[in-house]
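Text of protein18.txt (compact mmCIF, C-alpha atoms and all ligand atoms) as supplied:
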# COMPACT_ATOMS: atom_id res chain seq x y z
CA MET A 1 111.97 69.96 162.13
CA GLU A 2 111.87 73.62 161.18
CA LEU A 3 114.22 74.65 158.39
CA ALA A 4 115.91 78.01 157.94
CA ASP A 5 113.74 80.62 156.20
CA PHE A 6 116.19 81.04 153.33
CA THR A 7 115.76 77.41 152.26
CA ARG A 8 112.35 78.39 150.88
CA ALA A 9 114.14 80.53 148.30
CA LEU A 10 116.42 77.71 147.10
CA GLU A 11 115.63 76.78 143.52
CA GLY A 12 118.70 74.84 142.41
CA GLN A 13 119.18 74.40 138.66
CA LYS A 14 115.88 73.27 137.21
CA MET A 15 117.41 71.89 134.01
CA PHE A 16 118.85 69.05 136.08
CA GLN A 17 115.23 67.96 136.62
CA ILE A 18 114.77 67.75 132.84
CA LEU A 19 117.97 65.71 132.61
CA ALA A 20 116.62 63.39 135.32
CA ASP A 21 113.29 63.00 133.43
CA ALA A 22 115.16 62.30 130.18
CA LYS A 23 117.41 59.75 131.91
CA GLU A 24 114.33 58.05 133.38
CA LEU A 25 112.83 57.68 129.88
CA GLU A 26 116.21 56.44 128.63
CA SER A 27 116.26 53.76 131.32
CA GLN A 28 112.89 52.61 129.92
CA GLY A 29 114.59 52.08 126.56
CA LYS A 30 113.54 55.34 124.87
CA ASP A 31 115.99 56.87 122.44
CA ILE A 32 116.41 60.42 123.76
CA ILE A 33 118.03 63.30 121.88
CA HIS A 34 119.68 65.48 124.51
CA LEU A 35 119.47 69.17 123.74
CA GLU A 36 118.85 70.29 127.31
CA ILE A 37 122.04 70.53 129.36
CA GLY A 38 124.95 72.82 128.46
CA ASP A 39 127.54 70.09 128.57
CA PRO A 40 130.03 69.65 125.69
CA ASP A 41 129.75 66.21 124.08
CA PHE A 42 133.49 66.27 123.31
CA ASN A 43 135.88 64.37 125.53
CA THR A 44 138.29 66.28 127.71
CA PRO A 45 141.58 66.55 125.73
CA LYS A 46 143.79 63.48 126.23
CA ASN A 47 146.83 65.40 127.49
CA VAL A 48 144.66 66.89 130.24
CA ILE A 49 143.52 63.44 131.36
CA GLN A 50 147.16 62.29 131.28
CA ALA A 51 148.20 65.22 133.46
CA ALA A 52 145.58 64.28 136.06
CA LYS A 53 146.71 60.63 136.03
CA LYS A 54 150.34 61.69 136.42
CA ALA A 55 149.45 63.98 139.32
CA LEU A 56 147.57 61.12 141.01
CA ASP A 57 150.56 58.78 140.51
CA GLU A 58 152.86 61.41 141.96
CA GLY A 59 150.74 61.59 145.11
CA HIS A 60 148.99 64.92 144.64
CA THR A 61 146.09 63.60 146.64
CA HIS A 62 146.23 65.70 149.79
CA TYR A 63 145.12 69.08 151.10
CA VAL A 64 146.78 72.04 149.39
CA GLN A 65 146.64 75.84 149.70
CA SER A 66 142.96 76.74 149.89
CA SER A 67 143.16 79.59 147.40
CA GLY A 68 144.86 77.39 144.77
CA LEU A 69 148.26 76.06 143.72
CA PRO A 70 150.76 78.82 142.83
CA GLU A 71 151.50 77.02 139.51
CA LEU A 72 147.82 77.18 138.52
CA LYS A 73 147.61 80.83 139.54
CA GLU A 74 150.63 81.46 137.34
CA ALA A 75 148.81 79.80 134.40
CA CYS A 76 145.77 82.01 135.12
CA ARG A 77 147.97 85.11 135.14
CA GLU A 78 149.47 84.11 131.82
CA LEU A 79 146.10 83.41 130.17
CA THR A 80 144.57 86.61 131.52
CA TRP A 81 147.52 88.47 130.04
CA ARG A 82 147.09 86.80 126.65
CA SER A 83 143.29 87.14 126.53
CA ARG A 84 142.60 90.38 128.41
CA GLY A 85 145.90 92.23 128.40
CA PHE A 86 146.69 92.42 132.12
CA ARG A 87 148.40 90.22 134.69
CA PRO A 88 146.45 90.01 137.96
CA SER A 89 148.49 89.49 141.12
CA ASN A 90 148.30 86.14 142.94
CA ASP A 91 146.14 87.61 145.67
CA GLN A 92 143.56 88.63 143.07
CA ILE A 93 142.97 84.99 142.07
CA LEU A 94 141.00 82.24 143.80
CA VAL A 95 140.92 78.72 142.37
CA THR A 96 137.56 77.01 142.89
CA SER A 97 135.58 73.97 141.92
CA GLY A 98 133.84 75.53 138.91
CA ALA A 99 132.20 78.90 138.28
CA ASN A 100 128.91 78.40 140.07
CA ILE A 101 130.48 78.61 143.50
CA GLN A 102 132.39 81.73 142.41
CA LEU A 103 129.06 83.46 141.85
CA TYR A 104 127.92 82.37 145.29
CA LEU A 105 131.13 83.52 147.02
CA ALA A 106 131.17 86.83 145.14
CA ILE A 107 127.57 87.64 146.02
CA MET A 108 127.79 86.40 149.60
CA CYS A 109 130.84 88.60 150.20
CA SER A 110 129.44 91.70 148.46
CA ILE A 111 125.86 92.10 149.64
CA ASN A 112 123.92 92.52 152.85
CA PRO A 113 120.36 91.26 153.39
CA GLY A 114 117.94 93.39 151.38
CA ASP A 115 120.54 94.60 148.89
CA GLU A 116 119.58 94.38 145.23
CA VAL A 117 121.59 92.74 142.47
CA ILE A 118 120.74 93.53 138.86
CA ILE A 119 120.53 90.50 136.58
CA PRO A 120 119.45 90.04 132.98
CA ASN A 121 116.08 88.39 132.42
CA PRO A 122 116.38 85.73 131.02
CA SER A 123 119.65 84.59 132.58
CA PHE A 124 121.56 81.58 133.91
CA VAL A 125 119.30 79.99 136.53
CA SER A 126 121.78 80.19 139.41
CA TYR A 127 121.87 83.99 139.56
CA SER A 128 118.50 84.57 141.15
CA SER A 129 118.73 81.45 143.28
CA ILE A 130 122.12 82.48 144.69
CA ILE A 131 121.07 86.08 145.31
CA LYS A 132 117.96 84.94 147.16
CA SER A 133 119.89 82.41 149.22
CA CYS A 134 122.25 85.24 150.23
CA ARG A 135 119.11 87.12 151.37
CA GLY A 136 119.43 89.63 148.57
CA ILE A 137 116.89 90.70 145.97
CA PRO A 138 117.38 89.94 142.26
CA LYS A 139 116.36 92.93 140.15
CA ASP A 140 115.54 91.90 136.61
CA VAL A 141 116.40 93.86 133.51
CA SER A 142 114.63 92.49 130.44
CA LEU A 143 116.54 91.29 127.40
CA LEU A 144 114.50 91.73 124.25
CA GLU A 145 114.65 89.78 121.02
CA LYS A 146 114.40 93.05 119.09
CA ASP A 147 117.71 94.13 120.77
CA SER A 148 119.29 90.79 119.80
CA PHE A 149 118.94 89.89 123.50
CA ARG A 150 121.74 92.31 124.44
CA LEU A 151 121.63 93.92 127.87
CA ASP A 152 120.67 97.56 127.37
CA PRO A 153 122.87 99.76 129.62
CA GLU A 154 120.19 102.46 129.91
CA ARG A 155 117.67 99.92 131.21
CA VAL A 156 120.27 98.84 133.74
CA LYS A 157 120.77 102.45 134.81
CA LYS A 158 117.02 102.89 135.29
CA ALA A 159 116.89 99.80 137.51
CA ILE A 160 119.48 101.19 139.95
CA ASN A 161 118.30 102.57 143.30
CA LYS A 162 119.82 103.18 146.73
CA ASN A 163 119.69 99.45 147.55
CA THR A 164 121.55 98.33 144.42
CA LYS A 165 124.87 96.73 145.24
CA ALA A 166 125.95 94.78 142.18
CA ILE A 167 125.28 94.01 138.53
CA ILE A 168 125.80 90.62 136.91
CA ILE A 169 126.58 90.57 133.21
CA ASN A 170 127.14 87.50 131.08
CA SER A 171 128.58 87.64 127.58
CA PRO A 172 128.39 85.37 125.62
CA HIS A 173 125.04 84.85 127.23
CA ASN A 174 123.23 81.79 128.48
CA PRO A 175 120.46 81.11 127.37
CA THR A 176 120.29 83.39 124.30
CA GLY A 177 123.80 83.18 122.81
CA SER A 178 123.96 86.99 122.55
CA VAL A 179 127.31 88.77 122.75
CA LEU A 180 127.76 92.30 124.10
CA THR A 181 129.56 94.80 121.89
CA GLU A 182 132.51 96.82 123.18
CA TRP A 183 130.16 99.80 123.50
CA HIS A 184 127.75 97.85 125.73
CA VAL A 185 130.53 96.56 127.98
CA ARG A 186 132.16 99.97 128.32
CA ARG A 187 128.84 101.67 129.10
CA LEU A 188 127.94 99.03 131.70
CA PHE A 189 131.33 99.51 133.34
CA GLU A 190 130.85 103.31 133.36
CA ILE A 191 127.46 102.88 135.03
CA ALA A 192 128.96 100.58 137.65
CA GLU A 193 131.62 103.25 138.25
CA GLU A 194 129.08 106.06 138.45
CA PHE A 195 127.05 104.26 141.14
CA ASP A 196 130.01 102.53 142.80
CA LEU A 197 128.67 99.02 142.17
CA VAL A 198 130.32 95.63 142.06
CA LEU A 199 130.37 94.35 138.48
CA ILE A 200 130.30 90.57 138.24
CA SER A 201 131.22 89.50 134.72
CA ASP A 202 130.40 85.87 134.05
CA GLU A 203 132.74 84.91 131.22
CA VAL A 204 132.48 81.12 131.24
CA TYR A 205 131.68 81.21 127.50
CA GLY A 206 134.36 83.83 126.75
CA ARG A 207 136.19 81.60 124.28
CA MET A 208 133.01 80.38 122.65
CA ILE A 209 132.46 83.11 120.08
CA TYR A 210 131.81 82.37 116.41
CA SER A 211 133.89 83.69 113.55
CA ASP A 212 130.92 85.63 112.14
CA SER A 213 130.16 87.42 115.43
CA SER A 214 129.76 91.15 114.82
CA SER A 215 130.92 91.99 118.35
CA GLY A 216 133.90 89.83 119.28
CA PHE A 217 134.67 89.23 122.94
CA HIS A 218 134.89 92.14 125.40
CA SER A 219 135.45 92.04 129.14
CA PRO A 220 135.02 94.90 131.62
CA SER A 221 138.09 93.51 133.40
CA THR A 222 140.23 95.28 130.80
CA TYR A 223 139.14 98.66 132.26
CA ASP A 224 140.07 98.19 135.94
CA HIS A 225 142.18 95.02 135.77
CA CYS A 226 139.85 93.54 138.40
CA SER A 227 141.43 95.82 140.97
CA LYS A 228 138.47 98.04 141.73
CA ARG A 229 135.05 96.53 141.01
CA THR A 230 135.11 93.90 138.30
CA ILE A 231 134.90 90.25 139.33
CA LEU A 232 135.81 87.96 136.46
CA VAL A 233 133.99 84.64 136.81
CA HIS A 234 135.63 81.87 134.84
CA SER A 235 135.94 78.11 134.69
CA LEU A 236 137.32 75.41 132.43
CA SER A 237 133.94 73.65 132.18
CA LYS A 238 132.85 74.77 128.73
CA THR A 239 136.14 75.85 127.11
CA TYR A 240 137.97 72.56 127.56
CA ALA A 241 134.98 70.18 127.85
CA MET A 242 135.67 69.76 131.57
CA THR A 243 132.26 70.21 133.22
CA GLY A 244 132.68 67.17 135.47
CA TRP A 245 136.13 68.13 136.71
CA ARG A 246 134.73 71.10 138.62
CA ILE A 247 137.57 73.55 138.19
CA GLY A 248 137.89 77.26 137.54
CA ALA A 249 139.39 80.47 138.87
CA VAL A 250 137.86 83.81 139.77
CA THR A 251 139.74 87.11 139.57
CA GLY A 252 138.79 90.24 141.49
CA PRO A 253 139.90 93.01 143.83
CA SER A 254 142.34 91.45 146.36
CA GLN A 255 140.37 92.72 149.36
CA LEU A 256 137.25 90.89 148.15
CA ILE A 257 139.13 87.79 146.93
CA SER A 258 140.72 87.35 150.37
CA LYS A 259 137.24 87.21 151.96
CA MET A 260 135.95 84.90 149.22
CA SER A 261 138.98 82.65 149.87
CA LEU A 262 138.16 82.49 153.58
CA LEU A 263 134.57 81.58 152.79
CA TYR A 264 135.71 78.95 150.27
CA GLU A 265 138.14 77.53 152.84
CA THR A 266 135.33 77.46 155.39
CA ILE A 267 132.98 75.60 153.07
CA THR A 268 135.26 73.21 151.20
CA SER A 269 138.89 73.56 152.41
CA CYS A 270 140.57 73.49 149.00
CA THR A 271 140.30 72.33 145.37
CA ALA A 272 141.51 68.81 144.49
CA PRO A 273 145.22 69.18 143.55
CA PHE A 274 145.30 66.56 140.76
CA VAL A 275 142.42 68.42 139.12
CA GLN A 276 144.43 71.63 139.42
CA TYR A 277 147.37 69.99 137.62
CA ALA A 278 144.99 68.92 134.85
CA ALA A 279 143.78 72.52 134.65
CA ILE A 280 147.34 73.81 134.21
CA GLU A 281 147.83 71.41 131.31
CA ALA A 282 144.54 72.49 129.74
CA MET A 283 145.27 76.19 130.04
CA LEU A 284 148.79 76.01 128.72
CA SER A 285 148.59 73.15 126.21
CA ALA A 286 145.05 72.43 125.04
CA ASN A 287 144.13 75.64 123.27
CA SER A 288 144.15 74.20 119.74
CA GLU A 289 141.55 71.65 120.90
CA THR A 290 139.37 74.56 122.04
CA TYR A 291 139.56 76.19 118.59
CA GLU A 292 138.61 72.89 116.97
CA MET A 293 135.64 72.43 119.27
CA VAL A 294 134.40 75.96 118.62
CA SER A 295 134.63 75.49 114.86
CA LYS A 296 132.63 72.25 115.17
CA TYR A 297 130.05 74.00 117.34
CA GLN A 298 129.69 76.61 114.62
CA GLU A 299 128.78 73.93 112.05
CA ARG A 300 126.25 72.49 114.46
CA ARG A 301 124.86 75.93 115.23
CA ASP A 302 124.24 76.58 111.55
CA LEU A 303 122.45 73.25 111.17
CA MET A 304 120.33 73.92 114.25
CA VAL A 305 119.42 77.50 113.30
CA THR A 306 118.55 76.63 109.70
CA GLY A 307 116.59 73.56 110.77
CA LEU A 308 114.56 75.37 113.43
CA ASN A 309 113.82 78.35 111.20
CA GLU A 310 112.42 76.00 108.55
CA ILE A 311 109.81 74.71 111.00
CA GLU A 312 106.46 76.48 110.77
CA GLY A 313 105.74 78.27 114.05
CA ILE A 314 109.35 78.42 115.28
CA ASN A 315 111.91 81.13 114.65
CA CYS A 316 115.26 81.97 116.16
CA LEU A 317 118.18 84.36 115.91
CA THR A 318 121.65 83.09 115.11
CA PRO A 319 123.64 83.05 118.37
CA GLU A 320 127.04 84.76 118.18
CA GLY A 321 128.42 82.72 121.06
CA THR A 322 127.76 79.80 123.48
CA PHE A 323 126.15 76.59 122.29
CA TYR A 324 122.54 77.61 122.77
CA VAL A 325 119.75 78.65 120.44
CA PHE A 326 116.89 80.49 122.11
CA ALA A 327 113.96 79.79 119.82
CA ASN A 328 110.67 81.65 119.81
CA ILE A 329 107.80 79.11 119.99
CA MET A 330 104.98 81.53 120.83
CA GLU A 331 103.06 80.77 117.66
CA LEU A 332 102.84 77.12 118.67
CA MET A 333 102.36 77.27 122.42
CA GLY A 334 102.21 79.93 125.14
CA SER A 335 103.82 77.79 127.82
CA SER A 336 107.45 76.87 127.24
CA GLU A 337 107.26 74.32 130.05
CA GLU A 338 104.33 72.54 128.36
CA PHE A 339 106.20 72.65 125.06
CA ALA A 340 109.36 71.09 126.50
CA LYS A 341 107.42 68.50 128.53
CA ASN A 342 105.34 67.37 125.54
CA LEU A 343 108.32 67.39 123.19
CA LEU A 344 110.15 65.09 125.59
CA GLU A 345 107.24 62.76 126.22
CA ARG A 346 106.01 62.53 122.63
CA GLU A 347 109.14 62.85 120.51
CA TYR A 348 111.90 62.10 123.05
CA VAL A 349 113.75 65.37 122.53
CA ALA A 350 114.97 66.98 125.76
CA THR A 351 115.15 70.81 125.79
CA CYS A 352 114.97 73.59 128.36
CA PRO A 353 111.86 75.77 128.73
CA GLY A 354 112.70 79.47 128.50
CA ILE A 355 110.66 80.23 131.64
CA PHE A 356 113.36 78.49 133.69
CA PHE A 357 115.62 81.45 132.91
CA GLY A 358 113.16 84.13 134.00
CA SER A 359 109.75 85.55 133.08
CA GLU A 360 111.06 87.08 129.83
CA GLY A 361 112.03 83.58 128.73
CA GLU A 362 108.40 82.52 128.48
CA GLY A 363 107.47 81.67 124.90
CA TYR A 364 111.03 80.53 124.15
CA VAL A 365 112.81 77.19 124.36
CA ARG A 366 116.56 76.72 124.69
CA PHE A 367 118.10 74.15 122.37
CA CYS A 368 121.69 73.21 123.22
CA PHE A 369 123.69 72.17 120.16
CA ALA A 370 126.57 70.53 122.06
CA ASN A 371 125.59 67.29 120.35
CA SER A 372 126.59 65.50 117.14
CA ILE A 373 125.49 66.66 113.68
CA GLU A 374 123.61 63.39 113.33
CA ASN A 375 121.71 63.80 116.61
CA ILE A 376 120.92 67.44 115.86
CA GLY A 377 119.48 66.32 112.50
CA ILE A 378 117.30 63.68 114.19
CA GLY A 379 116.28 66.21 116.86
CA ILE A 380 115.19 68.75 114.24
CA ARG A 381 113.09 66.15 112.40
CA ARG A 382 111.34 65.22 115.62
CA VAL A 383 110.72 68.87 116.59
CA LYS A 384 109.28 69.38 113.11
CA ALA A 385 106.87 66.45 113.55
CA PHE A 386 105.92 67.79 117.00
CA ALA A 387 105.30 71.31 115.65
CA ALA A 388 103.21 69.90 112.77
CA SER A 389 101.06 67.94 115.23
CA ILE A 390 100.37 71.11 117.22
CA LYS A 391 99.55 73.07 114.05
CA GLU A 392 97.06 70.39 113.08
CA TYR A 393 94.98 71.10 116.20
CA GLN A 394 95.20 74.90 116.01
C1 LIG B 1 126.43 81.45 132.38
C2 LIG B 1 126.96 80.35 133.24
N1 LIG B 1 127.69 80.67 134.32
C3 LIG B 1 128.20 79.73 135.13
C4 LIG B 1 127.97 78.38 134.90
C5 LIG B 1 128.53 77.37 135.83
O1 LIG B 1 129.65 76.76 135.30
P1 LIG B 1 130.52 75.70 136.12
O2 LIG B 1 130.27 74.36 135.50
O3 LIG B 1 131.93 76.10 135.91
O4 LIG B 1 130.13 75.76 137.54
C6 LIG B 1 127.20 78.00 133.79
C7 LIG B 1 126.89 76.59 133.53
O5 LIG B 1 126.08 76.22 132.70
C8 LIG B 1 126.68 79.01 132.93
O6 LIG B 1 125.94 78.73 131.86

What do you get writing this file as structure tokens?
Amino acid sequence: MELADFTRALEGQKMFQILADAKELESQGKDIIHLEIGDPDFNTPKNVIQAAKKALDEGHTHYVQSSGLPELKEACRELTWRSRGFRPSNDQILVTSGANIQLYLAIMCSINPGDEVIIPNPSFVSYSSIIKSCRGIPKDVSLLEKDSFRLDPERVKKAINKNTKAIIINSPHNPTGSVLTEWHVRRLFEIAEEFDLVLISDEVYGRMIYSDSSSGFHSPSTYDHCSKRTILVHSLSKTYAMTGWRIGAVTGPSQLISKMSLLYETITSCTAPFVQYAAIEAMLSANSETYEMVSKYQERRDLMVTGLNEIEGINCLTPEGTFYVFANIMELMGSSEEFAKNLLEREYVATCPGIFFGSEGEGYVRFCFANSIENIGIGIRRVKAFAASIKEYQ
């Protein structure tokens, strides 16, 4: 059987392979410390689970409007107003099963084969995979440690040519935890305006900013209210510890959202209604839980950063957002994949090699601190032993 050409470009999300390897070792009785996948270890808030159960009991188990329930869209409008200062119209919102598919729909509906999409390097693994599967070309712009891994607008401008169609930005940023300042966001928006580009702003970690962040959260959606070029990608996965529920909503120009809705309807008909009722509950009544989780993540971040920086051969910046530390391991090993593989096999600590996020990620390893203080402590001790064993042979 001959497969379609584009399938050769499909990469998926490589960190799921690490999770599979870690689970395999776990099934053999090994005690694994999971610092690989960006999945909150907190439970989904109880009232959210109750809302889903109630919706199931009430029979919300059938097809519904493919672009989302009006009640959930209303909750999105309200939260966008509170967080970003504008109320999008209903036809600017599409409810989806998580943020990943939003990226796919947005890119599929904005580019033609051969068009270029600017992405940060390193960046969330799906970006390049999605662009390639839509027959586009990802155009990398390097993020440098010396710039605190912030996307430099002038580098972005230099990367633009006649084939450029869109820019993806992501703040707070996976995998580095960097947060763009207001100046960066404004400048990136101005550049998108100047070259008439689509600006996809992935804000899935928008609420995950630490109290000592020098930047605070900024979204380009505040400039055009998602009516002209900004596409605001958002889900409940990280904010409310709801990764497995697969729920989110994307906001954008109505003309584009209507096409994205048709594509979504074509692919998957609609989003499960009982999950949408749970999402309404989360968005309107679980915000104190989010604050609590973020303050706990901050404690864990501090433990992780201090612990890693005390290890000879490893150093890292303090992330201002997300639950990732992107640690420089170059002094210990050139290959991040080898580092992560050996760390898992020898010390049973699962992490993500930086190279998975792009060529600029080589020499770094992503440690996710969405785990307990106790497990982070054990993880650090094991990484320390691993680093010492490498040093011994250097
Ligand atoms: C930057 C970024 N965008 C999007 C996603 C996808 O999120 P979702 O679970 O809502 O599909 C992730 C998941 O890790 C992410 O890190």

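Here the question is which of A:Thr176, A:Gln298, A:Thr268, A:Ser258 gets nearest to A:Ala327 using all atoms listed in the file, and that residue is A:Thr176.
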
>> Show me which residues are within 7 Å of ligand LIG 1 (chain B) counting only C-alpha atoms and all ligand atoms, and format the list as a PyMOL selection string.
In response: chain A and resi 38+98-101+124+170+173-174+202+204+234-237+243+246-248

Stretch 212-289 of chain A near stretch 82-87 of chain A within 9 Å: what's each residue's closest atom pair and its distance in Å to one decimal, counting all atoms listed in the file, ordered by chain then ascending residue number, as JSON lines?
{"residue": "A:His218", "atom": "CA", "partner": "A:Arg84", "partner_atom": "CA", "distance": 8.5}
{"residue": "A:Ser219", "atom": "CA", "partner": "A:Arg84", "partner_atom": "CA", "distance": 7.4}
{"residue": "A:Ser221", "atom": "CA", "partner": "A:Arg84", "partner_atom": "CA", "distance": 7.4}
{"residue": "A:Thr222", "atom": "CA", "partner": "A:Arg84", "partner_atom": "CA", "distance": 5.9}
{"residue": "A:His225", "atom": "CA", "partner": "A:Phe86", "partner_atom": "CA", "distance": 6.4}

>> Need to verify the contact set: A:Gly206, 7 Å, all atoms listed in the file, exclusion of same-chain residues closer than 2 positions in sequence. Can you return it as a VMD selection string?
In response: chain A and resid 171 to 172 203 to 204 208 to 209 217

Could you write out that same residue set with C-alpha atoms as a PDB file, keeping the file's coordinate frame?
ATOM      1  CA  SER A 171     128.580  87.640 127.580  1.00  0.00           C
ATOM      2  CA  PRO A 172     128.390  85.370 125.620  1.00  0.00           C
ATOM      3  CA  GLU A 203     132.740  84.910 131.220  1.00  0.00           C
ATOM      4  CA  VAL A 204     132.480  81.120 131.240  1.00  0.00           C
ATOM      5  CA  MET A 208     133.010  80.380 122.650  1.00  0.00           C
ATOM      6  CA  ILE A 209     132.460  83.110 120.080  1.00  0.00           C
ATOM      7  CA  PHE A 217     134.670  89.230 122.940  1.00  0.00           C
TER       8      PHE A 217
END

Contacts of stretch 50-161 of chain A with stretch 261-266 of chain A up to 8 Å, shortest pair per row, only C-alpha atoms, as CSV:
residue,atom,partner,partner_atom,distance
A:Ser66,CA,A:Glu265,CA,5.7
A:Ser67,CA,A:Ser261,CA,5.7
A:Leu94,CA,A:Ser261,CA,6.4
A:Thr96,CA,A:Tyr264,CA,7.9
A:Leu105,CA,A:Leu263,CA,7.0

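For the point (128.2, 92.5, 115.0) in file coordinates, the residues within 10 Å, using only C-alpha atoms, are A:Val179, A:Leu180, A:Thr181, A:Asp212, A:Ser213, A:Ser214, A:Ser215, A:Gly216, A:Glu320.
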